[in-house]
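Remarks on the structure that follows.
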Amino acid sequence: MNTQRLLRLRPFFFIVAICLFSLCIDLMPSGSCIFAQQKSNPSATDLFRRENLMAWCIVPFDSQKRTPKQRALMLKELGISKFAYDYRAEHIPTFEEEIVSLQEQGIELSAWWFPTQLNDEAKGILALLKKHRVTPQLWVMGGGNENMSPEEVSKFMASEVVRLRTIADAANEVGCKVGLYNHGGWFGVPENMTRLLTAIDRPNVGIVYNLHHAHGELDRLPEVLKLLTPHLYVLNVNGMQTHGDKVGKKIMVIGEGDRDRDVFQAIARSGYQGPIGILNHTNEDAYSRLNANLKGLQKVVMAIRQP
């Protein structure tokens, strides 16, 4: 008799067990179980979503030599809505066409590779930006010998502050920010960039950091990102190979570098939430290279989402 009664109550016990299990899951602190951990990973890599990506180094670096209209159509086809513009002397006559073509396709002109001095060329760019009411970041690089003496550093910094304040103040008049762009030398060392940023003391000046110019910082990348993130406007990424800049692998497709998983995991954990730049920076077809980077980035993101 007791056995038959227990058999009849079995469905009831099963329902109670399910309810208790669900209640336990709801009451667990976040991060205390594998389910919470798996949910946190996608949000940490959310900055790599397509709409947060910015195309970079695709104007002088493009075997197809696309026109401004062709370039804007290419970006739209790839689903990339942000664009950082770089150029050479041959592209100056098509500056305005570039701006108009991007606007026609709904592509944001996010940044502009800017002259290192406020010369006539720079003033012409600012006038065009004002005319078309666009406010891209202006990326400005610097140099300097990494082995300068303290006295030489002091003089160099004083000169750089004057140079960069002049650009920053002119940029501010048209609503633009200025990004200090690492390109090697003293200027490209992370601690020097933040030191210079403090000395410039302008609210519209920040930092643009390029991994393809930072192979020497790979072993301490989490530390570098912690230092730069509060000031970081854009982080330009790349496939990263150990000593890649010394063995002919400075520019690589994302996912092909031996350090990529660690690099992108460090980025995801850094707290940085701004735009991510992807490159061509080769003599290949810009479409093919950008597409390869999009696919490689997707694979790396999937890999670092694994618990």
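Residues in the structure tokens are numbered from 1 in each chain, the chains being A, B, ... in the order shown, and ligands are numbered from 1 in the order shown.
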
Q: Tell me which protein, DNA and RNA residues are within 10 Å of Pro115 of chain A, counting only C-alpha atoms, leaving out same-chain ones fewer than 2 positions away, and put them as a list of chain:residue names.
A: A:Trp112, A:Trp113, A:Gln117, A:Leu118, A:Asn119, A:Asp120, A:Glu121, A:Ala122, A:Lys123, A:Ile125, A:Leu138, A:Trp139, A:Val140, A:Met141, A:Ile167

Take the residues from that selection and put them in a file with N, CA and C atoms, as a JSON list (two decimals), in the first residue's frame.
[["chain", "number", "residue", "atom", "x", "y", "z"],
["A", 112, "TRP", "N", 40.52, 61.36, -38.69],
["A", 112, "TRP", "CA", 41.27, 61.87, -39.85],
["A", 112, "TRP", "C", 42.75, 61.92, -39.47],
["A", 113, "TRP", "N", 43.57, 61.24, -40.27],
["A", 113, "TRP", "CA", 45.02, 61.30, -40.09],
["A", 113, "TRP", "C", 45.46, 62.73, -40.38],
["A", 117, "GLN", "N", 51.72, 69.50, -38.03],
["A", 117, "GLN", "CA", 51.78, 70.94, -37.76],
["A", 117, "GLN", "C", 50.50, 71.60, -38.27],
["A", 118, "LEU", "N", 50.14, 72.73, -37.68],
["A", 118, "LEU", "CA", 48.97, 73.47, -38.14],
["A", 118, "LEU", "C", 49.36, 74.33, -39.34],
["A", 119, "ASN", "N", 49.64, 73.64, -40.45],
["A", 119, "ASN", "CA", 50.05, 74.32, -41.67],
["A", 119, "ASN", "C", 48.83, 74.59, -42.57],
["A", 120, "ASP", "N", 49.08, 75.06, -43.79],
["A", 120, "ASP", "CA", 47.97, 75.38, -44.70],
["A", 120, "ASP", "C", 47.12, 74.15, -45.02],
["A", 121, "GLU", "N", 47.77, 73.02, -45.17],
["A", 121, "GLU", "CA", 47.04, 71.77, -45.44],
["A", 121, "GLU", "C", 46.11, 71.44, -44.28],
["A", 122, "ALA", "N", 46.62, 71.58, -43.07],
["A", 122, "ALA", "CA", 45.81, 71.30, -41.88],
["A", 122, "ALA", "C", 44.63, 72.26, -41.78],
["A", 123, "LYS", "N", 44.90, 73.53, -42.04],
["A", 123, "LYS", "CA", 43.82, 74.54, -41.98],
["A", 123, "LYS", "C", 42.76, 74.28, -43.04],
["A", 125, "ILE", "N", 41.89, 71.33, -44.15],
["A", 125, "ILE", "CA", 41.09, 70.20, -43.66],
["A", 125, "ILE", "C", 40.06, 70.69, -42.64],
["A", 138, "LEU", "N", 41.08, 63.95, -34.76],
["A", 138, "LEU", "CA", 42.25, 64.24, -35.56],
["A", 138, "LEU", "C", 43.44, 63.51, -34.95],
["A", 139, "TRP", "N", 43.98, 62.54, -35.67],
["A", 139, "TRP", "CA", 45.06, 61.71, -35.14],
["A", 139, "TRP", "C", 46.41, 62.32, -35.50],
["A", 140, "VAL", "N", 47.19, 62.61, -34.49],
["A", 140, "VAL", "CA", 48.47, 63.30, -34.68],
["A", 140, "VAL", "C", 49.59, 62.48, -34.05],
["A", 141, "MET", "N", 50.63, 62.21, -34.82],
["A", 141, "MET", "CA", 51.74, 61.43, -34.29],
["A", 141, "MET", "C", 52.90, 62.32, -33.88],
["A", 167, "ILE", "N", 47.42, 72.71, -32.31],
["A", 167, "ILE", "CA", 46.49, 71.88, -33.08],
["A", 167, "ILE", "C", 45.20, 71.66, -32.30]]

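For the residues A:Thr282, A:Ser101, A:Gln273, A:Ser288, ranking by smallest atom-to-atom distance to Thr67 of chain A using only C-alpha atoms places A:Ser101 first.
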
Q: Could you give me, as number ranges by chain, the residues within 10 Å of Tyr209 of chain A, counting only C-alpha atoms and dropping anything in the same chain fewer than 5 positions from it?
A: A: 179-183, 188, 190, 193, 214, 225, 228-229, 232-237, 277

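Atom CA of Glu191 of chain A is found 22.7 Å from atom CA of Arg259 of chain A.
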
Q: Please identify which residues in segment 2-250 of chain A DSSP calls strand (DSSP E) from the backbone, and express them as a PyMOL selection string.
A: chain A and resi 53-56+82-85+108-113+137-141+178-181+205-210+232-236

Q: Return as a list of chain:residue names the full set of residues in segment 192-274 of chain A whose backbone-based DSSP assignment is alpha helix (DSSP H).
A: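 Selecting the alpha helix (DSSP H) positions of segment 192-274 of chain A gives A:Asn192, A:Met193, A:Thr194, A:Arg195, A:Leu196, A:Leu197, A:Thr198, A:Ala199, A:Ile200, A:Leu221, A:Pro222, A:Glu223, A:Val224, A:Leu225, A:Lys226, A:Leu227, A:Leu228, A:Asp260, A:Arg261, A:Asp262, A:Val263, A:Phe264, A:Gln265, A:Ala266, A:Ile267, A:Ala268, A:Arg269.
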
Suppose we keep C-alpha atoms; can you now write the selection as a tab-separated table (two decimals), in the first residue's frame?
chain	number	residue	atom	x	y	z
A	192	ASN	CA	55.25	59.11	-22.17
A	193	MET	CA	51.91	59.50	-23.92
A	194	THR	CA	50.04	59.96	-20.65
A	195	ARG	CA	52.76	62.26	-19.33
A	196	LEU	CA	52.50	64.42	-22.44
A	197	LEU	CA	48.71	64.35	-22.27
A	198	THR	CA	48.84	65.79	-18.76
A	199	ALA	CA	51.27	68.50	-19.84
A	200	ILE	CA	49.13	69.53	-22.85
A	221	LEU	CA	49.68	44.62	-22.36
A	222	PRO	CA	47.20	44.38	-19.44
A	223	GLU	CA	49.28	46.97	-17.57
A	224	VAL	CA	49.44	49.23	-20.64
A	225	LEU	CA	45.68	49.02	-21.18
A	226	LYS	CA	45.02	49.85	-17.53
A	227	LEU	CA	47.17	52.96	-17.90
A	228	LEU	CA	45.69	54.11	-21.21
A	260	ASP	CA	46.03	36.85	-30.46
A	261	ARG	CA	43.97	34.95	-27.89
A	262	ASP	CA	45.87	36.54	-24.97
A	263	VAL	CA	45.82	39.98	-26.59
A	264	PHE	CA	42.10	40.06	-27.26
A	265	GLN	CA	41.31	38.54	-23.89
A	266	ALA	CA	43.32	41.33	-22.25
A	267	ILE	CA	41.38	43.91	-24.27
A	268	ALA	CA	38.04	42.36	-23.30
A	269	ARG	CA	39.02	42.41	-19.62

Q.
I want to know what sits within 6 Å of Gln137 of chain A, based on only C-alpha atoms, with residues of the same chain fewer than 2 positions away left out; could you give that as an MDAnalysis selection string?
A. chainID A and resid 111 176:178

Next, write the just-selected residues to a file, as a compact mmCIF listing (two decimals), in the first residue's frame, keeping C-alpha atoms as the atom set.
# COMPACT_ATOMS: atom_id res chain seq x y z
CA ALA A 111 38.83 60.08 -37.54
CA CYS A 176 37.03 68.11 -32.99
CA LYS A 177 39.14 66.08 -30.58
CA VAL A 178 42.83 65.31 -31.02

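Across the model, the gap from atom CA of Phe61 of chain A to atom CA of Gly106 of chain A is 22.4 Å.
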
Q | Selection near Glu173 of chain A, 12 Å with only C-alpha atoms, sequence-local residues under 2 positions removed, as a ChimeraX atom specification | A | /A:123,126-127,129-130,133,135,166-171,175-178,204

Q) So how many Å separate atom CA of Ala89 of chain A and atom CA of Pro60 of chain A, to one decimal? A)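 So the two atoms, atom CA of Ala89 of chain A and atom CA of Pro60 of chain A, lie 9.9 Å apart.
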
Q: Name the closest residue to Met252 of chain A among the candidates A:Leu218, A:Val174, A:Leu290, A:Ile304; distances are taken between atoms, counting only C-alpha atoms.
A: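 Among A:Leu218, A:Val174, A:Leu290, A:Ile304, it is A:Leu290 that comes nearest to Met252 of chain A.
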
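Closest approach to Met148 of chain A among A:Gly185, A:Ala292, A:Asn283, A:Tyr272 is made by A:Gly185 (distances from only C-alpha atoms).
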
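Proximity of A:Glu217, A:Thr116, A:Ile107, A:Val134 to Met74 of chain A, computed with only C-alpha atoms, is greatest for A:Ile107.
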
**Q.** Who sits within 7 Å of Leu128 of chain A, only C-alpha atoms, same chain under 4 positions skipped, as a list of chain:residue names
**A.**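 Residues near the query, excluding close chain neighbours: A:Glu96, A:Gly124, A:His132.
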
May I have the selected residues written with C-alpha atoms, as a compact mmCIF listing (two decimals), in the first residue's frame?
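Once written, result39.txt looks like this:
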# COMPACT_ATOMS: atom_id res chain seq x y z
CA GLU A 96 35.60 66.97 -50.14
CA GLY A 124 42.22 73.46 -45.24
CA HIS A 132 30.27 69.86 -43.82

Q | Shortest interatomic distance to Arg289 of chain A - which of A:Asp62, A:Glu97, A:Glu146, A:Glu151, counting only C-alpha atoms | A |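 Between A:Asp62, A:Glu97, A:Glu146, A:Glu151, the residue approaching Arg289 of chain A most closely is A:Asp62.
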
**Q.** Selection: 7 Å around Ser110 of chain A, only C-alpha atoms, excl. self and same-chain fewer than 3 positions, as number ranges by chain
**A.** A: 82-84, 136-137

Store the residues picked out above in a file with C-alpha atoms, as an mmCIF file, in the first residue's frame.
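File written: result35.cif
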data_model
loop_
_atom_site.group_PDB
_atom_site.id
_atom_site.type_symbol
_atom_site.label_atom_id
_atom_site.label_comp_id
_atom_site.auth_asym_id
_atom_site.auth_seq_id
_atom_site.Cartn_x
_atom_site.Cartn_y
_atom_site.Cartn_z
ATOM 1 C CA LYS A 82 32.936 53.879 -38.990
ATOM 2 C CA PHE A 83 35.940 55.046 -40.991
ATOM 3 C CA ALA A 84 39.279 56.626 -40.101
ATOM 4 C CA PRO A 136 36.164 63.437 -36.637
ATOM 5 C CA GLN A 137 38.985 62.859 -34.212
#
